[in-house]
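**Student:** After the structure tokens below, expect a handful of questions from me.
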2 protein chains.
Amino acid sequence: MGIRVGSRTVRFDTPANIIAFTSVAGKDEKNGPYGNCFDITFEDGLWGEKTYELAERKMQLTSAETAIEKAGLKPDDIDFLFGGDLLNQIISSGFVARQLGIPFVGLYGACSTMSETMLIGSMTLDGGFAKHVVCATSSHFATAERQFRSPLELGTPKTPTSQNTATAAGTVVLSVQRGQYPSVTYATPGRVVDMGINDVNNMGAAMAPAAAETIICHLEDTGKRPEDFDAIITGDLGTFGSELLVKYAAEAGWDLSGVHKDCGAMLYEGNDLMHCGASGCGCSASMLCGFFLPELIKGNLKRILFVATGALHSPTSALQGETIPSIAHAVAIETGCSI
Amino acid sequence: MGIRVGSRTVRFDTPANIIAFTSVAGKDEKNGPYGNCFDITFEDGLWGEKTYELAERKMQLTSAETAIEKAGLKPDDIDFLFGGDLLNQIISSGFVARQLGIPFVGLYGACSTMSETMLIGSMTLDGGFAKHVVCATSSHFATAERQFRSPLELGTPKTPTSQNTATAAGTVVLSVQRGQYPSVTYATPGRVVDMGINDVNNMGAAMAPAAAETIICHLEDTGKRPEDFDAIITGDLGTFGSELLVKYAAEAGWDLSGVHKDCGAMLYEGNDLMHCGASGCGCSASMLCGFFLPELIKGNLKRILFVATGALHSPTSALQGETIPSIAHAVAIETGCSI
């Protein structure tokens, strides 16, 4: 049974154990500073498929199938698949669900989808509705770029605040199974925050206030300080958005500067062609599954706050003059709670 | 705490009470045989807004605000907003969440979204994570038609198996508050079923097998017979899809003919211009909130199975030659369980 803490955080009476996880990444991600962390990588955008959409589907499917296998389970053992992605009608996830045959709940939180699925997955387990659930997401540069921005053939130059959609996927298997696992102990669902940003090439600025709002809410609700975490990890604010987050938090009296990490700023670190860094559902999912969860298992980290961040606009809403509503969902992941 | 029943159904230890609900509908829906059932109706597609997308947002927002008010609550009292719609990036729901400020979990189940939100909402309440949640969805003929099919200006003729996206919205407030309310007692999440239909103008045929699979699973899991329900209500199979559902169920040994109703077949009944009937998230949401829940409260119905049905394709996947994966989520709603 869950316990509500503070204004909107939930604490899990039985923390959801992360019994397996898998990351999949493309070439640019493999060539970045965390390239060696990913379980499965591939060299070209199509990965042997006919379309980029089929390649993205294969990425998410491969990450899910591999994670389920690592958990020593079969798809039939999984009670719920919580999945989502950036494509219209979340087709990557829908087709993965068709393939796996697991009862499917589709979610859309844009690039916040990974922590959104883990919030719902952890509640489902702690509520007694499932023994094992799978949380999966993906993104692909080529499918997102042509859907959200410009035809790939145009080769449109990027603005300095732009980010590059990561070609990456990640899956975690959450379970009531006991053992020495990292586990989800708290979750804070996001509220939509919109500070009036309407530049679709500046997602970091749009999402930073939502990240700040959720992180501060989590800290206030749980009575924790930033230094109680080994890392507070946002999804894809990028370098500029990360600066803004630290600034907004400081203005509210919270110093995140020593503890904040951003998956989008990390994924292509040092590659100036990527401007402000990476974005996409797969960015935070692959960094969680490729880098942060292994660090928790190695004991290099003990408690993290994972805060995937999403911009909830569409090309239609942007063309109709709307600003960019954003959201961030937080899940606290700890070791040593799960036996 | 939930209890798993059979292969994938969940039973709620504390059923989620439906303490308030509101339906909103457009002109064609108002002129149909259930036109007098809807709480709020309007006469033209724009409802005083500049775009159809803004009109759809206003519909969902109005249904949510009105339902919250009917419940005697304020948005601040609501712990979670579970919402989704058909538009790319579920923008109607995202902007409604921005307006209401309620912690927001976006869902995408195409036209199955209403029962998908109620499945997650009921689990969230029974798991102890919330006191009150809102489940909201909407659809609009003009926004869906131009996104999924053809520019409105073309006036494209419809095929005989086609359906008309309903201009409608519906919201329910689920709560742990006790009283004489209809309540959600069981839920069966859907699996993706795809029988190879690739005609995007024949959604009923694509979705009927998914509806049959979920309904039969629910009956088998709970040990109930179709006649234990006063109505087994699908979302938007339309007249042709409804025939197929009854046929598929009969082939599997279940006679649904006396008890099956379809919101899509009902909404425009008698209007031949609508071909096979209505579709869209708002179709089942408005019929649930406008007709079926009031019938439960009046005592004319005692136990229903509400099975919203969704087709998980996108225009891109259809153009790339994919078939139409479909899903149906079932929630059992009963009176007399909730005190």
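Every chain in the structure tokens has a letter given in the order shown (A, B, ...), and although residue numbers restart at 1 in each chain, ligands are simply numbered from 1 in the order shown.
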For a quick test of understanding: name the residues of chain A lying within 6 Å of chain B when counting only C-alpha atoms, and present them as JSON, numbers by chain.

**Tutor:** {"A": [1, 2, 88, 89, 98, 103, 104, 106, 107, 108, 109, 127, 128, 129, 189, 190, 191, 192, 314]}

**Student:** Give me every helix (DSSP H, G or I) residue in stretch 174-328 of chain B, going by DSSP on the backbone, as a PyMOL selection string.

**Tutor:** chain B and resi 203-222+226-228+238-251+263-267+272-274+281-298+315-319

**Student:** So how far away is atom CA of A:Cys217 from atom CA of A:Gly196, in Å?

**Tutor:**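 We find that atom CA of A:Gly196 and atom CA of A:Cys217 lie 21.2 Å from each other.
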
**Student:** Write out as a list in words each polymer residue whose atoms come within 10 Å of B:Gln60, counting only C-alpha atoms; drop sequence neighbours fewer than 3 positions from it.

**Tutor:**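 The residues that qualify are Thr22, Ser23, Val24, Ala55, Glu56, Arg57, Ser63, Ala64, Glu65, Thr66, Gly83, Gly84, Asp85, Ser92, Ser93, Phe95, Val96, Ala136, Thr137, Ser138, Ser139, Ala168, Ala169, Gly170, Thr171 and Gly282 of chain B.
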
**Student:** When you look at A:Lys158 with a cut-off of 10 Å (counting only C-alpha atoms), what residues show up, excluding the ones that are within fewer than 5 positions of it in the same chain? I need them as a list in words.

**Tutor:**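 My reading of the contact set: Gln163, Asn164, Asn201, Leu273, Met274 and His275 of chain A.
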
**Student:** Assign secondary structure with DSSP using the backbone only, and return the residues of stretch 66-164 of chain A in strand (DSSP E) as a PyMOL selection string.

**Tutor:** chain A and resi 80-85+104-106+132-139+164

**Student:** Mind checking which residues fall within 9 Å of B:Ala25, counting only C-alpha atoms, ignoring those fewer than 2 positions away in the same chain, and posting them as a ChimeraX atom specification?

**Tutor:** /B:23,27-30,35,38-42,59,166-170,282,286

**Student:** Neighbours of A:Val173 within 7 Å (only C-alpha atoms; same-chain residues fewer than 2 positions away dropped), as a count of residues only?

**Tutor:** 12

**Student:** One decimal, in Å: what's the spacing between atom CA of B:Met287 and atom CA of B:Ile232?

**Tutor:**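 Atom-to-atom, atom CA of B:Met287 to atom CA of B:Ile232, that is 13.1 Å.
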
**Student:** Give me the residues near stretch 222-227 of chain A as a PyMOL selection string, where near means some atom within 7 Å (using only C-alpha atoms) and where sequence neighbours in that chain fewer than 3 positions away do not count.

**Tutor:** chain A and resi 5-6+218-219+230+256+259

**Student:** For N, CA and C atoms, I'd like the residues from the last selection saved as an mmCIF file, in the first residue's frame.

**Tutor:**
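Once everything was written out, this is part33.cif:
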```
data_model
loop_
_atom_site.group_PDB
_atom_site.id
_atom_site.type_symbol
_atom_site.label_atom_id
_atom_site.label_comp_id
_atom_site.auth_asym_id
_atom_site.auth_seq_id
_atom_site.Cartn_x
_atom_site.Cartn_y
_atom_site.Cartn_z
ATOM 1 N N VAL A 5 2.979 11.333 0.939
ATOM 2 C CA VAL A 5 3.936 12.092 1.733
ATOM 3 C C VAL A 5 3.905 13.527 1.224
ATOM 4 N N GLY A 6 3.613 14.469 2.119
ATOM 5 C CA GLY A 6 3.621 15.862 1.692
ATOM 6 C C GLY A 6 2.521 16.128 0.685
ATOM 7 N N HIS A 218 9.629 17.298 -4.447
ATOM 8 C CA HIS A 218 10.086 16.018 -3.880
ATOM 9 C C HIS A 218 10.897 16.247 -2.601
ATOM 10 N N LEU A 219 11.783 17.225 -2.650
ATOM 11 C CA LEU A 219 12.618 17.506 -1.470
ATOM 12 C C LEU A 219 11.751 17.978 -0.303
ATOM 13 N N ASP A 230 23.027 11.042 -4.072
ATOM 14 C CA ASP A 230 24.328 11.023 -4.742
ATOM 15 C C ASP A 230 24.242 11.703 -6.107
ATOM 16 N N LEU A 256 21.438 22.946 -6.032
ATOM 17 C CA LEU A 256 21.567 21.661 -6.730
ATOM 18 C C LEU A 256 22.913 21.530 -7.438
ATOM 19 N N VAL A 259 25.108 18.357 -7.104
ATOM 20 C CA VAL A 259 24.511 17.025 -7.186
ATOM 21 C C VAL A 259 23.767 16.793 -8.505
#
```

**Student:** As an exercise, work out the distance from atom CA of A:Arg303 to atom CA of A:Leu267 in Å and give it to one decimal place.

**Tutor:**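 Atom CA of A:Leu267 lies 20.9 Å from atom CA of A:Arg303.
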
**Student:** Using only C-alpha atoms, which residue out of B:Leu46, B:Ala252, B:Met118, B:Ala318 lies closest to B:Ser183?

**Tutor:**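 Among the listed residues, B:Met118 lies closest to B:Ser183.
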
**Student:** Taking only C-alpha atoms into account, name the residue in B:Ala212, B:Val176, B:Asp272, B:Glu69 that is nearest to B:Ser162.

**Tutor:**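 Nearest to B:Ser162: B:Asp272.
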
**Student:** Given only C-alpha atoms as the basis, pick out the residue of B:Leu61, B:Ala16, B:Ala205, B:Cys281 nearest to B:Ala144.

**Tutor:**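 Looking at the shortest contact to B:Ala144, the residue is B:Cys281.
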